[in-house]
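Undergrad: Sending over structure.cif (mmCIF, C-alpha atoms).
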data_final
loop_
_atom_site.label_atom_id
_atom_site.label_comp_id
_atom_site.auth_asym_id
_atom_site.auth_seq_id
_atom_site.Cartn_x
_atom_site.Cartn_y
_atom_site.Cartn_z
CA MET A 45 -0.44 -12.02 27.58
CA THR A 46 2.80 -14.05 27.61
CA THR A 47 6.28 -12.61 27.14
CA LEU A 48 6.57 -14.34 23.76
CA SER A 49 3.27 -12.90 22.52
CA ARG A 50 4.36 -9.41 23.56
CA ARG A 51 7.53 -9.72 21.48
CA VAL A 52 5.49 -10.16 18.31
CA PRO A 53 4.55 -6.76 16.80
CA ALA A 54 0.81 -6.03 17.02
CA PRO A 55 0.53 -5.44 13.24
CA ALA A 56 1.83 -8.98 12.70
CA TYR A 57 -1.13 -10.36 14.64
CA PHE A 58 -3.42 -8.19 12.60
CA GLY A 59 -1.87 -9.48 9.37
CA ILE A 60 -2.50 -13.08 10.39
CA SER A 61 -6.08 -12.21 11.30
CA ALA A 62 -6.65 -10.45 7.98
CA VAL A 63 -5.50 -13.45 5.94
CA PHE A 64 -7.55 -16.02 7.84
CA HIS A 65 -10.54 -13.66 8.05
CA TYR A 66 -11.20 -14.39 4.38
CA LEU A 67 -9.28 -17.62 3.78
CA GLY A 68 -11.81 -19.54 5.87
CA PRO A 69 -14.86 -18.00 4.13
CA ALA A 70 -13.30 -18.73 0.73
CA PHE A 71 -13.19 -22.41 1.70
CA ALA A 72 -16.75 -22.05 3.02
CA VAL A 73 -17.93 -20.90 -0.43
CA LEU A 74 -16.61 -24.18 -1.83
CA LEU A 75 -18.53 -26.04 0.90
CA PHE A 76 -21.82 -24.37 -0.04
CA ALA A 77 -22.30 -27.01 -2.75
CA GLN A 78 -22.69 -29.67 -0.05
CA VAL A 79 -24.15 -27.83 2.92
CA ASP A 80 -26.75 -25.07 3.28
CA VAL A 81 -25.26 -21.58 3.77
CA LEU A 82 -26.59 -21.19 7.32
CA GLY A 83 -25.51 -24.75 8.02
CA VAL A 84 -21.94 -23.83 7.12
CA ALA A 85 -22.20 -20.77 9.40
CA TRP A 86 -23.32 -22.98 12.28
CA LEU A 87 -20.54 -25.50 11.65
CA ARG A 88 -18.04 -22.64 11.74
CA ILE A 89 -19.34 -21.31 15.06
CA ALA A 90 -19.85 -24.69 16.73
CA SER A 91 -16.44 -26.09 15.73
CA ALA A 92 -14.73 -22.93 17.00
CA ALA A 93 -16.66 -23.22 20.27
CA VAL A 94 -15.42 -26.80 20.69
CA VAL A 95 -11.82 -25.68 20.18
CA PHE A 96 -12.18 -22.88 22.74
CA ALA A 97 -13.93 -25.19 25.20
CA VAL A 98 -11.11 -27.75 25.07
CA TRP A 99 -8.32 -25.19 24.95
CA ARG A 100 -9.47 -22.49 27.38
CA ARG A 101 -12.40 -23.93 29.40
CA PRO A 102 -13.90 -20.40 29.41
CA TRP A 103 -16.76 -21.23 31.80
CA ARG A 104 -14.25 -21.00 34.66
CA LEU A 105 -14.10 -17.21 34.40
CA VAL A 106 -17.85 -16.61 34.76
CA ARG A 107 -17.74 -16.26 38.53
CA HIS A 108 -15.06 -13.57 38.22
CA LEU A 109 -17.11 -11.35 35.92
CA THR A 110 -19.26 -8.42 36.96
CA ARG A 111 -22.85 -8.15 35.77
CA GLU A 112 -21.79 -5.57 33.19
CA GLN A 113 -19.01 -7.82 31.86
CA ARG A 114 -21.47 -10.69 31.52
CA ARG A 115 -23.78 -8.46 29.52
CA VAL A 116 -20.90 -7.57 27.21
CA LEU A 117 -20.12 -11.27 26.65
CA LEU A 118 -23.77 -12.03 25.99
CA GLY A 119 -23.93 -9.19 23.48
CA LEU A 120 -20.71 -10.31 21.81
CA GLY A 121 -21.98 -13.88 21.54
CA VAL A 122 -25.20 -12.79 19.84
CA VAL A 123 -23.26 -10.45 17.55
CA LEU A 124 -20.88 -13.26 16.53
CA ALA A 125 -23.79 -15.56 15.68
CA ALA A 126 -25.64 -12.95 13.61
CA MET A 127 -22.46 -11.59 11.99
CA ASN A 128 -21.33 -15.02 10.76
CA ALA A 129 -24.79 -15.82 9.41
CA THR A 130 -25.22 -12.55 7.50
CA PHE A 131 -21.65 -12.70 6.20
CA TYR A 132 -22.16 -16.15 4.68
CA LEU A 133 -25.54 -15.17 3.26
CA ALA A 134 -23.76 -12.22 1.60
CA ILE A 135 -20.78 -14.11 0.13
CA ALA A 136 -23.18 -16.72 -1.25
CA ARG A 137 -24.57 -13.94 -3.48
CA LEU A 138 -21.73 -11.43 -4.00
CA PRO A 139 -17.97 -11.55 -4.76
CA LEU A 140 -15.81 -11.88 -1.66
CA ALA A 141 -13.99 -8.59 -2.41
CA THR A 142 -17.28 -6.67 -2.59
CA VAL A 143 -18.47 -8.03 0.74
CA GLY A 144 -15.04 -7.27 2.21
CA ALA A 145 -15.23 -3.66 1.07
CA ILE A 146 -18.72 -3.16 2.48
CA GLU A 147 -17.65 -4.81 5.72
CA PHE A 148 -14.99 -2.13 6.14
CA LEU A 149 -17.37 0.82 5.76
CA GLY A 150 -18.61 0.71 9.36
CA THR A 151 -15.09 0.75 10.74
CA ILE A 152 -14.41 4.00 8.86
CA VAL A 153 -16.56 5.71 11.49
CA LEU A 154 -14.53 4.15 14.30
CA ALA A 155 -11.30 5.26 12.65
CA ALA A 156 -12.67 8.78 12.05
CA ILE A 157 -13.61 9.15 15.72
CA GLY A 158 -9.96 8.80 16.66
CA VAL A 159 -8.50 11.09 13.99
CA ARG A 160 -6.64 13.90 15.78
CA SER A 161 -3.97 14.89 13.27
CA GLY A 162 -3.58 15.91 9.67
CA ARG A 163 -1.46 12.84 8.99
CA ASN A 164 -4.13 10.48 10.27
CA ALA A 165 -6.82 12.35 8.36
CA ILE A 166 -4.80 11.81 5.16
CA ALA A 167 -4.42 8.14 6.05
CA LEU A 168 -8.16 7.81 6.47
CA VAL A 169 -8.87 9.55 3.14
CA LEU A 170 -6.43 7.23 1.35
CA ALA A 171 -7.99 4.15 2.94
CA VAL A 172 -11.54 5.24 2.07
CA GLY A 173 -10.47 6.10 -1.46
CA GLY A 174 -8.88 2.68 -1.77
CA VAL A 175 -12.07 0.93 -0.75
CA ALA A 176 -14.06 3.03 -3.24
CA ALA A 177 -11.66 2.14 -6.04
CA LEU A 178 -11.45 -1.50 -5.02
CA THR A 179 -15.09 -2.20 -5.64
CA ASP A 180 -17.45 -0.52 -8.06
CA ILE A 181 -20.61 -1.38 -6.17
CA GLN A 182 -23.70 -1.84 -8.29
CA LEU A 183 -26.95 -2.34 -6.39
CA ALA A 184 -28.40 -4.42 -9.21
CA GLY A 185 -28.49 -8.17 -9.73
CA GLN A 186 -28.28 -9.28 -6.11
CA PRO A 187 -30.05 -6.66 -3.94
CA LEU A 188 -30.62 -9.19 -1.15
CA GLY A 189 -26.90 -9.89 -1.11
CA PHE A 190 -26.26 -6.21 -0.40
CA VAL A 191 -28.85 -6.23 2.39
CA PHE A 192 -26.94 -9.05 4.08
CA ALA A 193 -23.60 -7.38 3.35
CA PHE A 194 -24.61 -4.09 4.99
CA ALA A 195 -26.15 -5.95 7.95
CA ASN A 196 -22.84 -7.76 8.35
CA CYS A 197 -21.06 -4.39 8.16
CA ALA A 198 -23.04 -3.07 11.14
CA LEU A 199 -22.49 -6.28 13.10
CA PHE A 200 -18.77 -6.29 12.32
CA THR A 201 -18.50 -2.77 13.71
CA LEU A 202 -20.15 -3.98 16.92
CA TYR A 203 -17.70 -6.90 17.00
CA VAL A 204 -14.76 -4.47 16.88
CA ILE A 205 -16.24 -2.34 19.69
CA LEU A 206 -17.09 -5.27 21.96
CA GLY A 207 -13.97 -7.24 21.04
CA HIS A 208 -11.73 -4.29 21.91
CA ARG A 209 -13.61 -3.92 25.18
CA ILE A 210 -12.97 -7.50 26.33
CA ALA A 211 -9.35 -7.30 25.15
CA ASN A 212 -8.80 -4.43 27.59
CA THR A 213 -10.93 -5.58 30.53
CA GLY A 214 -7.94 -5.75 32.86
CA ALA A 215 -8.21 -7.22 36.37
CA GLY A 216 -6.32 -10.28 35.17
CA LEU A 217 -9.17 -11.37 32.88
CA SER A 218 -8.01 -12.88 29.61
CA GLY A 219 -9.60 -11.50 26.46
CA ILE A 220 -9.16 -14.89 24.78
CA ASP A 221 -11.00 -16.66 27.62
CA GLN A 222 -13.83 -14.16 27.33
CA LEU A 223 -13.85 -14.67 23.57
CA GLY A 224 -14.20 -18.41 24.17
CA ALA A 225 -17.18 -17.82 26.44
CA ALA A 226 -18.77 -15.56 23.83
CA MET A 227 -18.28 -18.26 21.20
CA LEU A 228 -20.18 -20.75 23.36
CA ILE A 229 -23.01 -18.22 23.62
CA ALA A 230 -22.86 -17.73 19.84
CA THR A 231 -23.28 -21.47 19.31
CA VAL A 232 -26.46 -21.49 21.40
CA ALA A 233 -27.77 -18.42 19.55
CA ALA A 234 -27.01 -19.97 16.15
CA THR A 235 -28.36 -23.45 16.91
CA PRO A 236 -31.83 -22.71 15.41
CA PHE A 237 -30.00 -22.55 12.06
CA CYS A 238 -28.33 -25.94 12.50
CA VAL A 239 -30.94 -27.75 10.39
CA GLY A 240 -28.90 -26.72 7.35
CA ALA A 241 -25.86 -28.50 8.77
CA ALA A 242 -27.64 -31.86 8.84
CA PRO A 243 -26.04 -33.20 5.61
CA ALA A 244 -22.56 -32.58 7.02
CA LEU A 245 -23.32 -34.46 10.24
CA THR A 246 -23.48 -37.71 8.29
CA ASP A 247 -20.62 -36.86 5.91
CA PRO A 248 -17.21 -37.09 7.65
CA ALA A 249 -15.46 -35.17 4.84
CA ALA A 250 -17.96 -32.28 4.97
CA LEU A 251 -17.86 -32.28 8.77
CA LEU A 252 -14.07 -32.10 8.73
CA ALA A 253 -14.23 -29.30 6.16
CA GLY A 254 -16.67 -27.40 8.37
CA ALA A 255 -14.32 -27.77 11.33
CA GLY A 256 -11.46 -26.48 9.19
CA VAL A 257 -13.54 -23.44 8.24
CA GLY A 258 -14.25 -22.82 11.93
CA ILE A 259 -10.57 -22.94 12.87
CA CYS A 260 -9.53 -20.74 9.94
CA SER A 261 -12.41 -18.28 10.30
CA SER A 262 -13.20 -18.03 14.01
CA VAL A 263 -10.31 -19.37 16.07
CA ILE A 264 -7.14 -18.06 14.44
CA PRO A 265 -8.42 -14.60 13.38
CA TYR A 266 -10.42 -13.88 16.53
CA VAL A 267 -7.55 -14.90 18.82
CA THR A 268 -5.05 -12.79 16.88
CA ASP A 269 -7.58 -9.94 16.92
CA GLN A 270 -7.56 -10.11 20.70
CA LEU A 271 -3.76 -10.05 20.81
CA ALA A 272 -3.72 -7.01 18.50
CA MET A 273 -6.62 -5.19 20.19
CA ALA A 274 -4.90 -5.46 23.56
CA ARG A 275 -2.03 -3.35 22.20
CA LEU A 276 -3.65 -1.02 19.66
CA ARG A 277 -6.01 1.88 20.11
CA ARG A 278 -9.49 1.11 18.81
CA ASN A 279 -9.31 3.71 16.04
CA THR A 280 -5.90 2.39 14.93
CA PHE A 281 -7.24 -1.15 14.76
CA ALA A 282 -10.28 0.12 12.88
CA LEU A 283 -8.14 1.90 10.28
CA MET A 284 -5.94 -1.17 9.81
CA LEU A 285 -9.12 -3.07 8.95
CA SER A 286 -8.98 -1.22 5.64
CA ILE A 287 -6.54 -3.95 4.63
CA LEU A 288 -9.43 -6.42 4.63
CA PRO A 289 -10.83 -5.59 1.16
CA ALA A 290 -7.35 -5.99 -0.31
CA VAL A 291 -6.89 -9.33 1.44
CA ALA A 292 -10.35 -10.42 0.30
CA THR A 293 -9.35 -9.62 -3.27
CA ALA A 294 -6.12 -11.61 -2.97
CA ILE A 295 -7.91 -14.60 -1.45
CA GLY A 296 -10.60 -14.34 -4.11
CA ILE A 297 -7.92 -14.63 -6.80
CA THR A 298 -6.10 -17.52 -5.15
CA VAL A 299 -8.98 -19.69 -4.01
CA LEU A 300 -12.03 -18.63 -6.02
CA ALA A 301 -10.38 -17.41 -9.25
CA GLN A 302 -12.08 -13.99 -8.91
CA VAL A 303 -9.52 -11.91 -10.86
CA PRO A 304 -9.41 -8.17 -10.00
CA THR A 305 -9.39 -5.29 -12.47
CA LEU A 306 -6.78 -2.53 -12.72
CA GLN A 307 -9.14 -0.29 -10.72
CA GLU A 308 -9.27 -2.85 -7.92
CA LEU A 309 -5.47 -3.14 -7.89
CA THR A 310 -5.28 0.66 -7.60
CA GLY A 311 -7.58 0.42 -4.60
CA ILE A 312 -5.28 -2.09 -2.93
CA ALA A 313 -2.34 0.30 -3.38
CA LEU A 314 -4.29 3.24 -1.88
CA ILE A 315 -5.29 1.16 1.12
CA ALA A 316 -1.68 0.08 1.72
CA CYS A 317 -0.59 3.73 1.56
CA GLY A 318 -3.28 4.75 4.04
CA VAL A 319 -2.20 2.17 6.58
CA ALA A 320 1.46 3.13 6.08
CA VAL A 321 0.74 6.85 6.62
CA HIS A 322 -1.37 6.33 9.76
CA GLN A 323 0.41 7.12 13.01
CA GLU A 324 -0.81 5.66 16.30
CA ARG A 325 -1.09 8.01 19.25
CA ARG A 326 0.74 6.78 22.32
CA GLY A 327 -1.27 5.18 25.06
CA HIS A 328 -4.72 3.49 24.92
#
The structure in this file should be written as structure tokens.
TA:
Amino acid sequence: MTTLSRRVPAPAYFGISAVFHYLGPAFAVLLFAQVDVLGVAWLRIASAAVVFAVWRRPWRLVRHLTREQRRVLLGLGVVLAAMNATFYLAIARLPLATVGAIEFLGTIVLAAIGVRSGRNAIALVLAVGGVAALTDIQLAGQPLGFVFAFANCALFTLYVILGHRIANTGAGLSGIDQLGAAMLIATVAATPFCVGAAPALTDPAALLAGAGVGICSSVIPYVTDQLAMARLRRNTFALMLSILPAVATAIGITVLAQVPTLQELTGIALIACGVAVHQERRGH
């Protein structure tokens, strides 16, 4: 990590990640009219892999990794491929804010594992209450959408665990370089779904849009995640993820015209209070 990157507060990196985490998918929803859902997912992964390949040349670190570290990268790559696919299949059927709230549920467990004080317990309760208020989940209408949303929730939890692990590998190994390698693996794992991307391959505008989604969804947020994870305890990072449903709601309003109710706005306020109350324990 450079001196300049260390000067930026870790929560600032998280904030950038949170915005782009849903800004890219919001643009992807608009692209669904031209390209199959799984095709958009593949374009996102593949375009991000190209950026990492040019920028970091991640294959250079392979010889420096232990067998266990290679297994972690392989697992992360497969998780990234499956997580992106299930996420897009979910937002094609459900509001972005609903998927964002469900996505957070798995990280509640990670945050709870690290709770060691009354203050942090209160923070967790506020965050959970905020998510509950933010979305009044009804399992009717789009049951398959909820299946994909909960699958994405489980995969996102694995992403946080594995992502935090590579961010703190040590031994001079860059978490961003390892992320780049995992993204190349994800591209290979997702390639069977690339048939849906065929229309975009002959449409320069759609191809450019897909690349933009990849940069907004998989390059900027994942890199800033790594910069934040390297400086935050895993449970702290997990609790801060409670901001995601609120960000999803804001992006839904701005890009997709999905206007929230008073109840959802109350949820956003509770989540903000939970993150403000939380206190990180010193050390990793």
Undergrad: Calculate how many Å separate CA of Arg88 in chain A from CA of Met127 in chain A, rounding to one decimal.
TA: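 That distance, rounded to one decimal, is 11.9 Å.
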Undergrad: Measuring between all atoms listed in the file, which one of A:Ala176, A:Val143, A:Leu124, A:Val153 shows the shortest distance to Val291 in chain A?
TA: A:Val143
Undergrad: Could you spell out the hits of the PyMOL selection byres ((chain A and resi 230) around 7) on the shown file, as JSON, numbers by chain?
TA: {"A": [89, 121, 122, 124, 125, 226, 227, 228, 229, 231, 232, 233, 234]}
Undergrad: Between A:Ala77, A:Ile135, A:Val52, A:Leu170, which residue has the minimum interatomic distance to Ala313 in chain A, considering all atoms listed in the file?
TA: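 The closest residue to Ala313 in chain A is A:Leu170.
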Undergrad: Which residues are close to range 187-203 of chain A, i.e. within 10 Å by only C-alpha atoms, leaving aside same-chain residues fewer than 4 positions away? Reply as a count of residues only.
TA: 41
Undergrad: Kindly output range 187-210 of chain A as a compact mmCIF listing (two decimals), keeping the file's coordinate frame, after building N, CA and C atoms.
TA:
# COMPACT_ATOMS: atom_id res chain seq x y z
N PRO A 187 -29.73 -7.63 -5.01
CA PRO A 187 -30.05 -6.66 -3.94
C PRO A 187 -30.09 -7.30 -2.56
N LEU A 188 -30.57 -8.54 -2.45
CA LEU A 188 -30.62 -9.19 -1.15
C LEU A 188 -29.21 -9.43 -0.62
N GLY A 189 -28.29 -9.71 -1.53
CA GLY A 189 -26.90 -9.89 -1.11
C GLY A 189 -26.36 -8.64 -0.46
N PHE A 190 -26.72 -7.46 -0.98
CA PHE A 190 -26.26 -6.21 -0.40
C PHE A 190 -26.93 -5.93 0.95
N VAL A 191 -28.18 -6.37 1.09
CA VAL A 191 -28.85 -6.23 2.39
C VAL A 191 -28.07 -7.00 3.46
N PHE A 192 -27.71 -8.23 3.14
CA PHE A 192 -26.94 -9.05 4.08
C PHE A 192 -25.55 -8.46 4.31
N ALA A 193 -24.95 -7.93 3.24
CA ALA A 193 -23.60 -7.38 3.35
C ALA A 193 -23.58 -6.16 4.28
N PHE A 194 -24.57 -5.28 4.14
CA PHE A 194 -24.61 -4.09 4.99
C PHE A 194 -25.00 -4.44 6.43
N ALA A 195 -25.83 -5.47 6.60
CA ALA A 195 -26.15 -5.95 7.95
C ALA A 195 -24.89 -6.49 8.61
N ASN A 196 -24.11 -7.24 7.84
CA ASN A 196 -22.84 -7.76 8.35
C ASN A 196 -21.89 -6.62 8.70
N CYS A 197 -21.90 -5.56 7.89
CA CYS A 197 -21.06 -4.39 8.16
C CYS A 197 -21.36 -3.80 9.54
N ALA A 198 -22.65 -3.62 9.84
CA ALA A 198 -23.04 -3.07 11.14
C ALA A 198 -22.63 -4.00 12.28
N LEU A 199 -22.83 -5.30 12.07
CA LEU A 199 -22.49 -6.28 13.10
C LEU A 199 -20.98 -6.37 13.29
N PHE A 200 -20.22 -6.24 12.21
CA PHE A 200 -18.77 -6.29 12.32
C PHE A 200 -18.24 -5.10 13.11
N THR A 201 -18.88 -3.95 12.94
CA THR A 201 -18.50 -2.77 13.71
C THR A 201 -18.74 -3.01 15.20
N LEU A 202 -19.87 -3.63 15.52
CA LEU A 202 -20.15 -3.98 16.92
C LEU A 202 -19.12 -4.97 17.45
N TYR A 203 -18.72 -5.92 16.59
CA TYR A 203 -17.70 -6.90 17.00
C TYR A 203 -16.40 -6.19 17.38
N VAL A 204 -16.00 -5.20 16.58
CA VAL A 204 -14.76 -4.47 16.88
C VAL A 204 -14.88 -3.73 18.21
N ILE A 205 -16.03 -3.10 18.44
CA ILE A 205 -16.24 -2.34 19.69
C ILE A 205 -16.21 -3.28 20.90
N LEU A 206 -17.00 -4.35 20.83
CA LEU A 206 -17.09 -5.27 21.96
C LEU A 206 -15.81 -6.08 22.12
N GLY A 207 -15.20 -6.47 20.99
CA GLY A 207 -13.97 -7.24 21.04
C GLY A 207 -12.84 -6.44 21.67
N HIS A 208 -12.75 -5.15 21.32
CA HIS A 208 -11.73 -4.29 21.91
C HIS A 208 -11.99 -4.10 23.40
N ARG A 209 -13.25 -4.10 23.77
CA ARG A 209 -13.61 -3.92 25.18
C ARG A 209 -13.15 -5.10 26.02
N ILE A 210 -13.39 -6.34 25.54
CA ILE A 210 -12.97 -7.50 26.33
C ILE A 210 -11.46 -7.68 26.30
